>>> print(open('input.cif').read())   # mmCIF, N, CA and C atoms
data_query
loop_
_atom_site.label_atom_id
_atom_site.label_comp_id
_atom_site.auth_asym_id
_atom_site.auth_seq_id
_atom_site.Cartn_x
_atom_site.Cartn_y
_atom_site.Cartn_z
N MET B 409 0.84 -1.16 0.00
CA MET B 409 0.00 0.00 0.00
C MET B 409 0.89 1.23 0.00
N LEU B 410 0.58 2.18 -0.86
CA LEU B 410 1.35 3.41 -0.95
C LEU B 410 0.45 4.60 -0.66
N PHE B 411 0.85 5.38 0.33
CA PHE B 411 0.13 6.62 0.63
C PHE B 411 1.02 7.76 0.16
N GLU B 412 0.45 8.72 -0.52
CA GLU B 412 1.24 9.84 -1.01
C GLU B 412 1.49 10.90 0.05
N LYS B 413 0.66 10.94 1.08
CA LYS B 413 0.88 11.90 2.15
C LYS B 413 0.31 11.35 3.45
N PHE B 414 0.75 11.94 4.55
CA PHE B 414 0.29 11.52 5.86
C PHE B 414 -1.19 11.81 6.04
N SER B 415 -1.88 10.91 6.69
CA SER B 415 -3.29 11.09 7.00
C SER B 415 -3.53 10.65 8.44
N ALA B 416 -3.92 11.59 9.29
CA ALA B 416 -4.21 11.25 10.68
C ALA B 416 -5.34 10.23 10.77
N SER B 417 -6.30 10.30 9.88
CA SER B 417 -7.43 9.37 9.93
C SER B 417 -7.03 7.95 9.54
N ARG B 418 -5.97 7.77 8.77
CA ARG B 418 -5.51 6.44 8.36
C ARG B 418 -4.42 5.88 9.27
N PHE B 419 -3.82 6.71 10.11
CA PHE B 419 -2.66 6.29 10.89
C PHE B 419 -2.94 5.05 11.75
N PHE B 420 -3.88 5.16 12.68
CA PHE B 420 -4.12 4.04 13.59
C PHE B 420 -4.78 2.84 12.90
N PRO B 421 -5.71 3.04 11.96
CA PRO B 421 -6.22 1.87 11.23
C PRO B 421 -5.12 1.12 10.46
N THR B 422 -4.15 1.84 9.92
CA THR B 422 -3.05 1.19 9.21
C THR B 422 -2.17 0.42 10.18
N ILE B 423 -1.90 1.00 11.35
CA ILE B 423 -1.13 0.32 12.40
C ILE B 423 -1.82 -1.00 12.73
N ALA B 424 -3.14 -0.94 12.93
CA ALA B 424 -3.90 -2.14 13.28
C ALA B 424 -3.92 -3.16 12.15
N LYS B 425 -4.18 -2.70 10.94
CA LYS B 425 -4.29 -3.61 9.78
C LYS B 425 -3.03 -4.43 9.57
N TYR B 426 -1.86 -3.80 9.73
CA TYR B 426 -0.59 -4.48 9.47
C TYR B 426 0.13 -4.92 10.74
N SER B 427 -0.53 -4.84 11.88
CA SER B 427 0.04 -5.25 13.17
C SER B 427 1.43 -4.63 13.40
N VAL B 428 1.53 -3.34 13.16
CA VAL B 428 2.79 -2.60 13.33
C VAL B 428 3.15 -2.54 14.81
N ASN B 429 4.43 -2.84 15.11
CA ASN B 429 4.92 -2.78 16.49
C ASN B 429 5.56 -1.45 16.85
N HIS B 430 6.33 -0.89 15.89
CA HIS B 430 7.08 0.34 16.15
C HIS B 430 6.94 1.24 14.93
N VAL B 431 6.82 2.53 15.19
CA VAL B 431 6.74 3.49 14.11
C VAL B 431 7.58 4.71 14.50
N SER B 432 8.17 5.36 13.53
CA SER B 432 8.99 6.54 13.77
C SER B 432 8.31 7.75 13.15
N VAL B 433 8.15 8.80 13.95
CA VAL B 433 7.46 10.02 13.50
C VAL B 433 8.24 11.25 13.92
N VAL B 434 7.82 12.39 13.38
CA VAL B 434 8.33 13.69 13.81
C VAL B 434 7.29 14.30 14.75
N PRO B 435 7.68 15.23 15.61
CA PRO B 435 6.75 15.80 16.57
C PRO B 435 5.48 16.39 15.96
N SER B 436 5.58 17.01 14.79
CA SER B 436 4.38 17.61 14.20
C SER B 436 3.30 16.56 13.89
N LEU B 437 3.71 15.33 13.63
CA LEU B 437 2.71 14.28 13.40
C LEU B 437 2.00 13.90 14.69
N LEU B 438 2.71 13.92 15.82
CA LEU B 438 2.04 13.68 17.09
C LEU B 438 0.98 14.74 17.34
N THR B 439 1.32 15.99 17.03
CA THR B 439 0.37 17.09 17.18
C THR B 439 -0.85 16.88 16.31
N ARG B 440 -0.65 16.48 15.07
CA ARG B 440 -1.77 16.24 14.15
C ARG B 440 -2.64 15.08 14.61
N LEU B 441 -2.01 14.03 15.13
CA LEU B 441 -2.78 12.89 15.63
C LEU B 441 -3.61 13.28 16.85
N LEU B 442 -3.03 14.07 17.74
CA LEU B 442 -3.78 14.53 18.91
C LEU B 442 -4.95 15.41 18.49
N ALA B 443 -4.74 16.29 17.53
CA ALA B 443 -5.82 17.17 17.05
C ALA B 443 -6.94 16.36 16.39
N HIS B 444 -6.57 15.29 15.71
CA HIS B 444 -7.57 14.44 15.05
C HIS B 444 -8.34 13.61 16.07
N GLY B 445 -7.66 13.22 17.13
CA GLY B 445 -8.27 12.37 18.16
C GLY B 445 -7.63 10.99 18.16
N ILE B 446 -7.32 10.52 19.32
CA ILE B 446 -6.68 9.21 19.48
C ILE B 446 -7.77 8.18 19.77
N PRO B 447 -7.83 7.12 18.97
CA PRO B 447 -8.84 6.09 19.24
C PRO B 447 -8.49 5.29 20.50
N ASP B 448 -9.42 4.48 20.94
CA ASP B 448 -9.20 3.62 22.10
C ASP B 448 -8.00 2.71 21.84
N ARG B 449 -7.17 2.54 22.84
CA ARG B 449 -5.93 1.75 22.72
C ARG B 449 -6.20 0.33 22.22
N SER B 450 -7.35 -0.21 22.52
CA SER B 450 -7.67 -1.58 22.10
C SER B 450 -7.78 -1.71 20.58
N THR B 451 -7.89 -0.59 19.86
CA THR B 451 -8.02 -0.66 18.40
C THR B 451 -6.66 -0.78 17.69
N PHE B 452 -5.57 -0.59 18.42
CA PHE B 452 -4.22 -0.74 17.84
C PHE B 452 -3.31 -1.47 18.83
N PRO B 453 -3.66 -2.71 19.20
CA PRO B 453 -2.95 -3.43 20.27
C PRO B 453 -1.51 -3.81 19.96
N SER B 454 -1.14 -3.90 18.69
CA SER B 454 0.22 -4.33 18.35
C SER B 454 1.28 -3.27 18.61
N LEU B 455 0.86 -2.00 18.66
CA LEU B 455 1.83 -0.91 18.75
C LEU B 455 2.49 -0.88 20.13
N GLU B 456 3.83 -1.07 20.13
CA GLU B 456 4.59 -1.09 21.38
C GLU B 456 5.14 0.28 21.74
N TYR B 457 5.58 1.04 20.74
CA TYR B 457 6.01 2.41 20.98
C TYR B 457 6.09 3.19 19.69
N VAL B 458 6.12 4.53 19.86
CA VAL B 458 6.20 5.47 18.74
C VAL B 458 7.49 6.27 18.93
N ILE B 459 8.50 5.98 18.13
CA ILE B 459 9.77 6.69 18.21
C ILE B 459 9.58 8.09 17.63
N CYS B 460 10.14 9.09 18.28
CA CYS B 460 10.01 10.45 17.79
C CYS B 460 11.38 11.09 17.67
N GLY B 461 11.58 11.82 16.57
CA GLY B 461 12.86 12.49 16.36
C GLY B 461 12.77 13.45 15.20
N ALA B 462 13.92 13.91 14.73
CA ALA B 462 14.09 14.79 13.57
C ALA B 462 13.71 16.23 13.82
N ALA B 463 13.18 16.54 15.00
CA ALA B 463 12.84 17.91 15.39
C ALA B 463 12.65 17.91 16.90
N PRO B 464 12.71 19.07 17.53
CA PRO B 464 12.53 19.12 18.98
C PRO B 464 11.15 18.61 19.42
N LEU B 465 11.16 17.74 20.41
CA LEU B 465 9.93 17.20 21.00
C LEU B 465 9.83 17.75 22.41
N THR B 466 8.80 18.54 22.68
CA THR B 466 8.64 19.08 24.03
C THR B 466 8.17 17.98 24.98
N ALA B 467 8.55 18.12 26.24
CA ALA B 467 8.09 17.17 27.25
C ALA B 467 6.57 17.18 27.33
N GLU B 468 5.95 18.34 27.15
CA GLU B 468 4.50 18.45 27.24
C GLU B 468 3.81 17.64 26.14
N LEU B 469 4.31 17.77 24.90
CA LEU B 469 3.73 17.01 23.79
C LEU B 469 3.96 15.52 23.99
N GLN B 470 5.15 15.16 24.40
CA GLN B 470 5.47 13.75 24.64
C GLN B 470 4.53 13.16 25.70
N LYS B 471 4.36 13.86 26.82
CA LYS B 471 3.48 13.38 27.89
C LYS B 471 2.03 13.29 27.44
N GLU B 472 1.55 14.31 26.74
CA GLU B 472 0.16 14.31 26.30
C GLU B 472 -0.13 13.14 25.36
N PHE B 473 0.77 12.90 24.41
CA PHE B 473 0.54 11.79 23.48
C PHE B 473 0.58 10.46 24.23
N MET B 474 1.53 10.29 25.13
CA MET B 474 1.63 9.03 25.88
C MET B 474 0.38 8.80 26.74
N GLU B 475 -0.13 9.87 27.35
CA GLU B 475 -1.33 9.74 28.19
C GLU B 475 -2.56 9.36 27.36
N LYS B 476 -2.72 9.99 26.21
CA LYS B 476 -3.91 9.76 25.40
C LYS B 476 -3.84 8.49 24.57
N ALA B 477 -2.65 8.15 24.03
CA ALA B 477 -2.52 6.96 23.20
C ALA B 477 -2.17 5.72 24.04
N LYS B 478 -1.74 5.95 25.27
CA LYS B 478 -1.33 4.86 26.15
C LYS B 478 -0.22 4.01 25.52
N VAL B 479 0.73 4.70 24.90
CA VAL B 479 1.87 4.05 24.27
C VAL B 479 3.12 4.91 24.53
N PRO B 480 4.27 4.29 24.85
CA PRO B 480 5.48 5.07 25.08
C PRO B 480 5.95 5.80 23.82
N VAL B 481 6.53 6.99 24.04
CA VAL B 481 7.11 7.78 22.94
C VAL B 481 8.57 8.06 23.29
N PRO B 482 9.46 7.12 22.96
CA PRO B 482 10.88 7.41 23.19
C PRO B 482 11.38 8.46 22.21
N ASN B 483 12.20 9.35 22.73
CA ASN B 483 12.75 10.43 21.94
C ASN B 483 14.17 10.05 21.52
N GLY B 484 14.58 10.55 20.39
CA GLY B 484 15.94 10.29 19.94
C GLY B 484 16.57 11.53 19.36
N TRP B 485 17.86 11.52 19.33
CA TRP B 485 18.62 12.62 18.72
C TRP B 485 19.67 12.02 17.83
N GLY B 486 19.90 12.68 16.73
CA GLY B 486 20.94 12.25 15.82
C GLY B 486 21.23 13.34 14.82
N MET B 487 22.04 12.99 13.86
CA MET B 487 22.37 13.91 12.78
C MET B 487 22.81 13.06 11.60
N THR B 488 22.94 13.67 10.47
CA THR B 488 23.34 12.93 9.28
C THR B 488 24.60 12.12 9.55
N GLU B 489 25.54 12.69 10.28
CA GLU B 489 26.83 12.05 10.52
C GLU B 489 26.75 10.85 11.45
N THR B 490 25.62 10.65 12.15
CA THR B 490 25.50 9.50 13.05
C THR B 490 24.59 8.42 12.48
N GLY B 491 24.18 8.56 11.23
CA GLY B 491 23.32 7.54 10.65
C GLY B 491 21.98 7.49 11.32
N CYS B 492 21.41 8.59 11.64
CA CYS B 492 20.08 8.78 12.23
C CYS B 492 20.14 8.98 13.74
N TRP B 493 20.59 8.00 14.50
CA TRP B 493 20.56 8.12 15.96
C TRP B 493 21.95 8.21 16.55
N GLY B 494 22.10 9.12 17.50
CA GLY B 494 23.31 9.20 18.31
C GLY B 494 22.99 8.81 19.74
N CYS B 495 21.77 9.13 20.16
CA CYS B 495 21.28 8.70 21.46
C CYS B 495 19.77 8.46 21.33
N HIS B 496 19.26 7.74 22.29
CA HIS B 496 17.86 7.32 22.22
C HIS B 496 17.37 7.03 23.62
N SER B 497 16.12 7.36 23.91
CA SER B 497 15.58 7.03 25.22
C SER B 497 14.98 5.63 25.21
N ASP B 498 15.05 4.97 26.34
CA ASP B 498 14.55 3.61 26.52
C ASP B 498 13.03 3.66 26.67
N PRO B 499 12.28 2.97 25.80
CA PRO B 499 10.83 3.03 25.89
C PRO B 499 10.28 2.48 27.22
N LYS B 500 11.08 1.70 27.94
CA LYS B 500 10.61 1.14 29.21
C LYS B 500 10.99 2.01 30.41
N ASN B 501 11.79 3.03 30.18
CA ASN B 501 12.26 3.88 31.28
C ASN B 501 12.36 5.32 30.78
N LEU B 502 11.23 5.88 30.37
CA LEU B 502 11.22 7.21 29.76
C LEU B 502 11.27 8.34 30.79
N VAL B 503 12.00 9.37 30.43
CA VAL B 503 12.00 10.62 31.17
C VAL B 503 11.57 11.68 30.15
N PRO B 504 10.29 12.14 30.21
CA PRO B 504 9.83 13.12 29.22
C PRO B 504 10.75 14.34 29.16
N GLY B 505 11.08 14.73 27.92
CA GLY B 505 11.97 15.86 27.70
C GLY B 505 13.43 15.46 27.56
N SER B 506 13.75 14.20 27.85
CA SER B 506 15.13 13.72 27.75
C SER B 506 15.38 13.09 26.39
N MET B 507 16.58 13.24 25.90
CA MET B 507 16.99 12.59 24.65
C MET B 507 17.47 11.18 24.90
N GLY B 508 17.57 10.79 26.14
CA GLY B 508 18.03 9.46 26.48
C GLY B 508 19.54 9.39 26.60
N ARG B 509 20.04 8.20 26.41
CA ARG B 509 21.48 7.95 26.56
C ARG B 509 22.11 7.67 25.20
N PRO B 510 23.43 7.86 25.11
CA PRO B 510 24.10 7.52 23.85
C PRO B 510 23.90 6.04 23.52
N LEU B 511 23.86 5.74 22.24
CA LEU B 511 23.84 4.34 21.82
C LEU B 511 25.09 3.67 22.37
N ALA B 512 25.03 2.37 22.56
CA ALA B 512 26.16 1.63 23.13
C ALA B 512 27.43 1.79 22.31
N ILE B 513 27.30 2.08 21.03
CA ILE B 513 28.47 2.23 20.16
C ILE B 513 29.02 3.65 20.14
N ASN B 514 28.42 4.55 20.93
CA ASN B 514 28.83 5.96 20.94
C ASN B 514 29.40 6.39 22.28
N GLU B 515 30.27 7.38 22.21
CA GLU B 515 30.73 8.10 23.40
C GLU B 515 30.35 9.56 23.18
N MET B 516 29.80 10.20 24.22
CA MET B 516 29.40 11.61 24.11
C MET B 516 29.85 12.34 25.36
N LYS B 517 30.13 13.63 25.18
CA LYS B 517 30.40 14.48 26.33
C LYS B 517 30.15 15.93 25.93
N ILE B 518 29.92 16.77 26.94
CA ILE B 518 29.72 18.20 26.75
C ILE B 518 30.99 18.90 27.23
N VAL B 519 31.52 19.79 26.38
CA VAL B 519 32.75 20.50 26.73
C VAL B 519 32.54 22.01 26.62
N ASP B 520 33.38 22.74 27.33
CA ASP B 520 33.40 24.20 27.23
C ASP B 520 33.87 24.58 25.83
N VAL B 521 33.15 25.49 25.18
CA VAL B 521 33.47 25.87 23.81
C VAL B 521 34.87 26.50 23.70
N GLN B 522 35.25 27.33 24.67
CA GLN B 522 36.55 28.01 24.59
C GLN B 522 37.72 27.11 24.99
N THR B 523 37.55 26.33 26.06
CA THR B 523 38.68 25.57 26.59
C THR B 523 38.71 24.10 26.16
N GLY B 524 37.58 23.57 25.75
CA GLY B 524 37.51 22.16 25.38
C GLY B 524 37.45 21.22 26.58
N ARG B 525 37.38 21.78 27.78
CA ARG B 525 37.32 20.96 29.00
C ARG B 525 35.91 20.43 29.24
N ASP B 526 35.87 19.23 29.80
CA ASP B 526 34.57 18.61 30.13
C ASP B 526 33.79 19.51 31.08
N LEU B 527 32.48 19.54 30.88
CA LEU B 527 31.60 20.31 31.75
C LEU B 527 30.75 19.37 32.60
N PRO B 528 30.37 19.81 33.79
CA PRO B 528 29.50 18.98 34.63
C PRO B 528 28.07 18.97 34.08
N ALA B 529 27.30 18.03 34.57
CA ALA B 529 25.90 17.90 34.15
C ALA B 529 25.16 19.22 34.35
N GLY B 530 24.28 19.53 33.41
CA GLY B 530 23.45 20.73 33.51
C GLY B 530 24.06 21.98 32.91
N GLN B 531 25.30 21.90 32.44
CA GLN B 531 25.97 23.06 31.87
C GLN B 531 25.80 23.07 30.35
N VAL B 532 25.78 24.26 29.77
CA VAL B 532 25.66 24.41 28.32
C VAL B 532 27.06 24.45 27.71
N GLY B 533 27.24 23.71 26.63
CA GLY B 533 28.52 23.68 25.95
C GLY B 533 28.39 23.03 24.59
N ALA B 534 29.48 22.54 24.08
CA ALA B 534 29.51 21.86 22.78
C ALA B 534 29.43 20.36 23.01
N LEU B 535 28.65 19.69 22.18
CA LEU B 535 28.52 18.23 22.26
C LEU B 535 29.58 17.58 21.37
N LEU B 536 30.35 16.69 21.96
CA LEU B 536 31.31 15.91 21.19
C LEU B 536 30.81 14.47 21.18
N ILE B 537 30.84 13.85 20.02
CA ILE B 537 30.38 12.48 19.87
C ILE B 537 31.35 11.72 18.97
N ARG B 538 31.61 10.47 19.35
CA ARG B 538 32.36 9.59 18.48
C ARG B 538 31.81 8.18 18.65
N GLY B 539 31.98 7.39 17.61
CA GLY B 539 31.49 6.03 17.65
C GLY B 539 31.57 5.38 16.29
N LYS B 540 31.23 4.11 16.24
CA LYS B 540 31.30 3.34 15.00
C LYS B 540 30.32 3.86 13.94
N ASN B 541 29.29 4.55 14.37
CA ASN B 541 28.29 5.05 13.41
C ASN B 541 28.51 6.52 13.05
N VAL B 542 29.58 7.11 13.53
CA VAL B 542 29.83 8.54 13.29
C VAL B 542 30.79 8.71 12.13
N PHE B 543 30.37 9.51 11.15
CA PHE B 543 31.21 9.76 9.98
C PHE B 543 32.19 10.86 10.28
#
>>> encode(input="input.cif", output="structure tokens")
Amino acid sequence: MLFEKFSASRFFPTIAKYSVNHVSVVPSLLTRLLAHGIPDRSTFPSLEYVICGAAPLTAELQKEFMEKAKVPVPNGWGMTETGCWGCHSDPKNLVPGSMGRPLAINEMKIVDVQTGRDLPAGQVGALLIRGKNVF
């Protein structure tokens, strides 16, 4: 089946029809699905989680979708150079608003832009990443 564009009205019926377990979306699609209305969870029982990325996902949107759809929404961060994901949140241990932890094949740290020294948690700086998936 080929759809030429996203349709909020077809999203959950398609999930159910093909017994989809995982789907990856951008935050604006979560917003559109919420505006359209989320059907009863029993109508899409196969769906285990909805991965979200490619744009900033607010904790509020993440929480609202999880509450209404009753399905985890793990967030991820990446860039072209990391082959999509550099870090990802665990669908079984979500912290809304968090990007999760680096993939097991990655090392990440935050450093001071001027000095290059490691910064403690909660500080703003430059993100350095290396790993087998980093170009």
>>> residues_near_point(input="input.cif", point="(31.0, 7.1, 20.7)", cutoff="8 Å", atoms="all atoms listed in the file", output="list of chain:residue names")
B:Pro510, B:Leu511, B:Ala512, B:Ile513, B:Asn514, B:Glu515, B:Met516, B:Lys517, B:Leu536, B:Ile537, B:Arg538, B:Gly539, B:Lys540, B:Asn541, B:Val542
>>> resolve_selection(input="input.cif", expression="the PyMOL selection byres (((chain B and resi 470 and name CA) around 10) and name CA)", output="list in words")
Pro435, Leu438, Thr439, Cys460, Leu465, Thr466, Ala467, Glu468, Leu469, Lys471, Glu472, Phe473, Met474, Glu475, Pro480, Val481, Pro482, Asn483, Val503, Pro504 and Gly505 of chain B
>>> write_last_selection(input="input.cif", atoms="N, CA and C atoms", output="CSV table (one decimal), in the frame of the given file")
chain,number,residue,atom,x,y,z
B,435,PRO,N,7.7,15.2,15.6
B,435,PRO,CA,6.8,15.8,16.6
B,435,PRO,C,5.5,16.4,16.0
B,438,LEU,N,2.7,13.9,15.8
B,438,LEU,CA,2.0,13.7,17.1
B,438,LEU,C,1.0,14.7,17.3
B,439,THR,N,1.3,16.0,17.0
B,439,THR,CA,0.4,17.1,17.2
B,439,THR,C,-0.8,16.9,16.3
B,460,CYS,N,10.1,9.1,18.3
B,460,CYS,CA,10.0,10.4,17.8
B,460,CYS,C,11.4,11.1,17.7
B,465,LEU,N,11.2,17.7,20.4
B,465,LEU,CA,9.9,17.2,21.0
B,465,LEU,C,9.8,17.8,22.4
B,466,THR,N,8.8,18.5,22.7
B,466,THR,CA,8.6,19.1,24.0
B,466,THR,C,8.2,18.0,25.0
B,467,ALA,N,8.6,18.1,26.2
B,467,ALA,CA,8.1,17.2,27.2
B,467,ALA,C,6.6,17.2,27.3
B,468,GLU,N,6.0,18.3,27.2
B,468,GLU,CA,4.5,18.4,27.2
B,468,GLU,C,3.8,17.6,26.1
B,469,LEU,N,4.3,17.8,24.9
B,469,LEU,CA,3.7,17.0,23.8
B,469,LEU,C,4.0,15.5,24.0
B,471,LYS,N,4.4,13.9,26.8
B,471,LYS,CA,3.5,13.4,27.9
B,471,LYS,C,2.0,13.3,27.4
B,472,GLU,N,1.6,14.3,26.7
B,472,GLU,CA,0.2,14.3,26.3
B,472,GLU,C,-0.1,13.1,25.4
B,473,PHE,N,0.8,12.9,24.4
B,473,PHE,CA,0.5,11.8,23.5
B,473,PHE,C,0.6,10.5,24.2
B,474,MET,N,1.5,10.3,25.1
B,474,MET,CA,1.6,9.0,25.9
B,474,MET,C,0.4,8.8,26.7
B,475,GLU,N,-0.1,9.9,27.4
B,475,GLU,CA,-1.3,9.7,28.2
B,475,GLU,C,-2.6,9.4,27.4
B,480,PRO,N,4.3,4.3,24.8
B,480,PRO,CA,5.5,5.1,25.1
B,480,PRO,C,6.0,5.8,23.8
B,481,VAL,N,6.5,7.0,24.0
B,481,VAL,CA,7.1,7.8,22.9
B,481,VAL,C,8.6,8.1,23.3
B,482,PRO,N,9.5,7.1,23.0
B,482,PRO,CA,10.9,7.4,23.2
B,482,PRO,C,11.4,8.5,22.2
B,483,ASN,N,12.2,9.4,22.7
B,483,ASN,CA,12.8,10.4,21.9
B,483,ASN,C,14.2,10.0,21.5
B,503,VAL,N,12.0,9.4,30.4
B,503,VAL,CA,12.0,10.6,31.2
B,503,VAL,C,11.6,11.7,30.2
B,504,PRO,N,10.3,12.1,30.2
B,504,PRO,CA,9.8,13.1,29.2
B,504,PRO,C,10.8,14.3,29.2
B,505,GLY,N,11.1,14.7,27.9
B,505,GLY,CA,12.0,15.9,27.7
B,505,GLY,C,13.4,15.5,27.6
>>> resolve_selection(input="input.cif", expression="the PyMOL selection byres (((chain B and resi 425-428 and name CA) around 9) and name CA)", output="PDB file with N, CA and C atoms, in the frame of the given file")
ATOM      1  N   PHE B 420      -3.880   5.160  12.680  1.00  0.00           N
ATOM      2  CA  PHE B 420      -4.120   4.040  13.590  1.00  0.00           C
ATOM      3  C   PHE B 420      -4.780   2.840  12.900  1.00  0.00           C
ATOM      4  N   PRO B 421      -5.710   3.040  11.960  1.00  0.00           N
ATOM      5  CA  PRO B 421      -6.220   1.870  11.230  1.00  0.00           C
ATOM      6  C   PRO B 421      -5.120   1.120  10.460  1.00  0.00           C
ATOM      7  N   THR B 422      -4.150   1.840   9.920  1.00  0.00           N
ATOM      8  CA  THR B 422      -3.050   1.190   9.210  1.00  0.00           C
ATOM      9  C   THR B 422      -2.170   0.420  10.180  1.00  0.00           C
ATOM     10  N   ILE B 423      -1.900   1.000  11.350  1.00  0.00           N
ATOM     11  CA  ILE B 423      -1.130   0.320  12.400  1.00  0.00           C
ATOM     12  C   ILE B 423      -1.820  -1.000  12.730  1.00  0.00           C
ATOM     13  N   ALA B 424      -3.140  -0.940  12.930  1.00  0.00           N
ATOM     14  CA  ALA B 424      -3.900  -2.140  13.280  1.00  0.00           C
ATOM     15  C   ALA B 424      -3.920  -3.160  12.150  1.00  0.00           C
ATOM     16  N   ASN B 429       4.430  -2.840  15.110  1.00  0.00           N
ATOM     17  CA  ASN B 429       4.920  -2.780  16.490  1.00  0.00           C
ATOM     18  C   ASN B 429       5.560  -1.450  16.850  1.00  0.00           C
ATOM     19  N   HIS B 430       6.330  -0.890  15.890  1.00  0.00           N
ATOM     20  CA  HIS B 430       7.080   0.340  16.150  1.00  0.00           C
ATOM     21  C   HIS B 430       6.940   1.240  14.930  1.00  0.00           C
ATOM     22  N   VAL B 431       6.820   2.530  15.190  1.00  0.00           N
ATOM     23  CA  VAL B 431       6.740   3.490  14.110  1.00  0.00           C
ATOM     24  C   VAL B 431       7.580   4.710  14.500  1.00  0.00           C
ATOM     25  N   PHE B 452      -5.570  -0.590  18.420  1.00  0.00           N
ATOM     26  CA  PHE B 452      -4.220  -0.740  17.840  1.00  0.00           C
ATOM     27  C   PHE B 452      -3.310  -1.470  18.830  1.00  0.00           C
ATOM     28  N   PRO B 453      -3.660  -2.710  19.200  1.00  0.00           N
ATOM     29  CA  PRO B 453      -2.950  -3.430  20.270  1.00  0.00           C
ATOM     30  C   PRO B 453      -1.510  -3.810  19.960  1.00  0.00           C
ATOM     31  N   SER B 454      -1.140  -3.900  18.690  1.00  0.00           N
ATOM     32  CA  SER B 454       0.220  -4.330  18.350  1.00  0.00           C
ATOM     33  C   SER B 454       1.280  -3.270  18.610  1.00  0.00           C
ATOM     34  N   LEU B 455       0.860  -2.000  18.660  1.00  0.00           N
ATOM     35  CA  LEU B 455       1.830  -0.910  18.750  1.00  0.00           C
ATOM     36  C   LEU B 455       2.490  -0.880  20.130  1.00  0.00           C
ATOM     37  N   GLU B 456       3.830  -1.070  20.130  1.00  0.00           N
ATOM     38  CA  GLU B 456       4.590  -1.090  21.380  1.00  0.00           C
ATOM     39  C   GLU B 456       5.140   0.280  21.740  1.00  0.00           C
TER      40      GLU B 456
END
>>> select_by_dssp(input="input.cif", residues="chain B", states="strand (DSSP E)", output="PyMOL selection string")
chain B and resi 430-433+457-460+484-485+495-496+509-510+514-519+534-539
>>> residues_near_point(input="input.cif", point="(26.4, 11.7, 17.5)", cutoff="6 Å", atoms="all atoms listed in the file", output="compact mmCIF listing (two decimals) with N, CA and C atoms, keeping the file's coordinate frame")
# COMPACT_ATOMS: atom_id res chain seq x y z
N GLY B 486 19.90 12.68 16.73
CA GLY B 486 20.94 12.25 15.82
C GLY B 486 21.23 13.34 14.82
N MET B 487 22.04 12.99 13.86
CA MET B 487 22.37 13.91 12.78
C MET B 487 22.81 13.06 11.60
N THR B 490 25.62 10.65 12.15
CA THR B 490 25.50 9.50 13.05
C THR B 490 24.59 8.42 12.48
N TRP B 493 20.59 8.00 14.50
CA TRP B 493 20.56 8.12 15.96
C TRP B 493 21.95 8.21 16.55
N GLY B 494 22.10 9.12 17.50
CA GLY B 494 23.31 9.20 18.31
C GLY B 494 22.99 8.81 19.74
N CYS B 495 21.77 9.13 20.16
CA CYS B 495 21.28 8.70 21.46
C CYS B 495 19.77 8.46 21.33
N ILE B 537 30.84 13.85 20.02
CA ILE B 537 30.38 12.48 19.87
C ILE B 537 31.35 11.72 18.97
N ARG B 538 31.61 10.47 19.35
CA ARG B 538 32.36 9.59 18.48
C ARG B 538 31.81 8.18 18.65
>>> resolve_selection(input="input.cif", expression="the PyMOL selection byres ((chain B and resi 499) around 7)", output="list in words")
Tyr457, Pro480, Val481, Pro482, His496, Ser497, Asp498, Lys500, Asn501 and Leu502 of chain B
>>> write_last_selection(input="input.cif", atoms="N, CA and C atoms", output="PDB file, in the frame of the given file")
ATOM      1  N   TYR B 457       5.580   1.040  20.740  1.00  0.00           N
ATOM      2  CA  TYR B 457       6.010   2.410  20.980  1.00  0.00           C
ATOM      3  C   TYR B 457       6.090   3.190  19.690  1.00  0.00           C
ATOM      4  N   PRO B 480       4.270   4.290  24.850  1.00  0.00           N
ATOM      5  CA  PRO B 480       5.480   5.070  25.080  1.00  0.00           C
ATOM      6  C   PRO B 480       5.950   5.800  23.820  1.00  0.00           C
ATOM      7  N   VAL B 481       6.530   6.990  24.040  1.00  0.00           N
ATOM      8  CA  VAL B 481       7.110   7.780  22.940  1.00  0.00           C
ATOM      9  C   VAL B 481       8.570   8.060  23.290  1.00  0.00           C
ATOM     10  N   PRO B 482       9.460   7.120  22.960  1.00  0.00           N
ATOM     11  CA  PRO B 482      10.880   7.410  23.190  1.00  0.00           C
ATOM     12  C   PRO B 482      11.380   8.460  22.210  1.00  0.00           C
ATOM     13  N   HIS B 496      19.260   7.740  22.290  1.00  0.00           N
ATOM     14  CA  HIS B 496      17.860   7.320  22.220  1.00  0.00           C
ATOM     15  C   HIS B 496      17.370   7.030  23.620  1.00  0.00           C
ATOM     16  N   SER B 497      16.120   7.360  23.910  1.00  0.00           N
ATOM     17  CA  SER B 497      15.580   7.030  25.220  1.00  0.00           C
ATOM     18  C   SER B 497      14.980   5.630  25.210  1.00  0.00           C
ATOM     19  N   ASP B 498      15.050   4.970  26.340  1.00  0.00           N
ATOM     20  CA  ASP B 498      14.550   3.610  26.520  1.00  0.00           C
ATOM     21  C   ASP B 498      13.030   3.660  26.670  1.00  0.00           C
ATOM     22  N   LYS B 500      11.080   1.700  27.940  1.00  0.00           N
ATOM     23  CA  LYS B 500      10.610   1.140  29.210  1.00  0.00           C
ATOM     24  C   LYS B 500      10.990   2.010  30.410  1.00  0.00           C
ATOM     25  N   ASN B 501      11.790   3.030  30.180  1.00  0.00           N
ATOM     26  CA  ASN B 501      12.260   3.880  31.280  1.00  0.00           C
ATOM     27  C   ASN B 501      12.360   5.320  30.780  1.00  0.00           C
ATOM     28  N   LEU B 502      11.230   5.880  30.370  1.00  0.00           N
ATOM     29  CA  LEU B 502      11.220   7.210  29.760  1.00  0.00           C
ATOM     30  C   LEU B 502      11.270   8.340  30.790  1.00  0.00           C
TER      31      LEU B 502
END
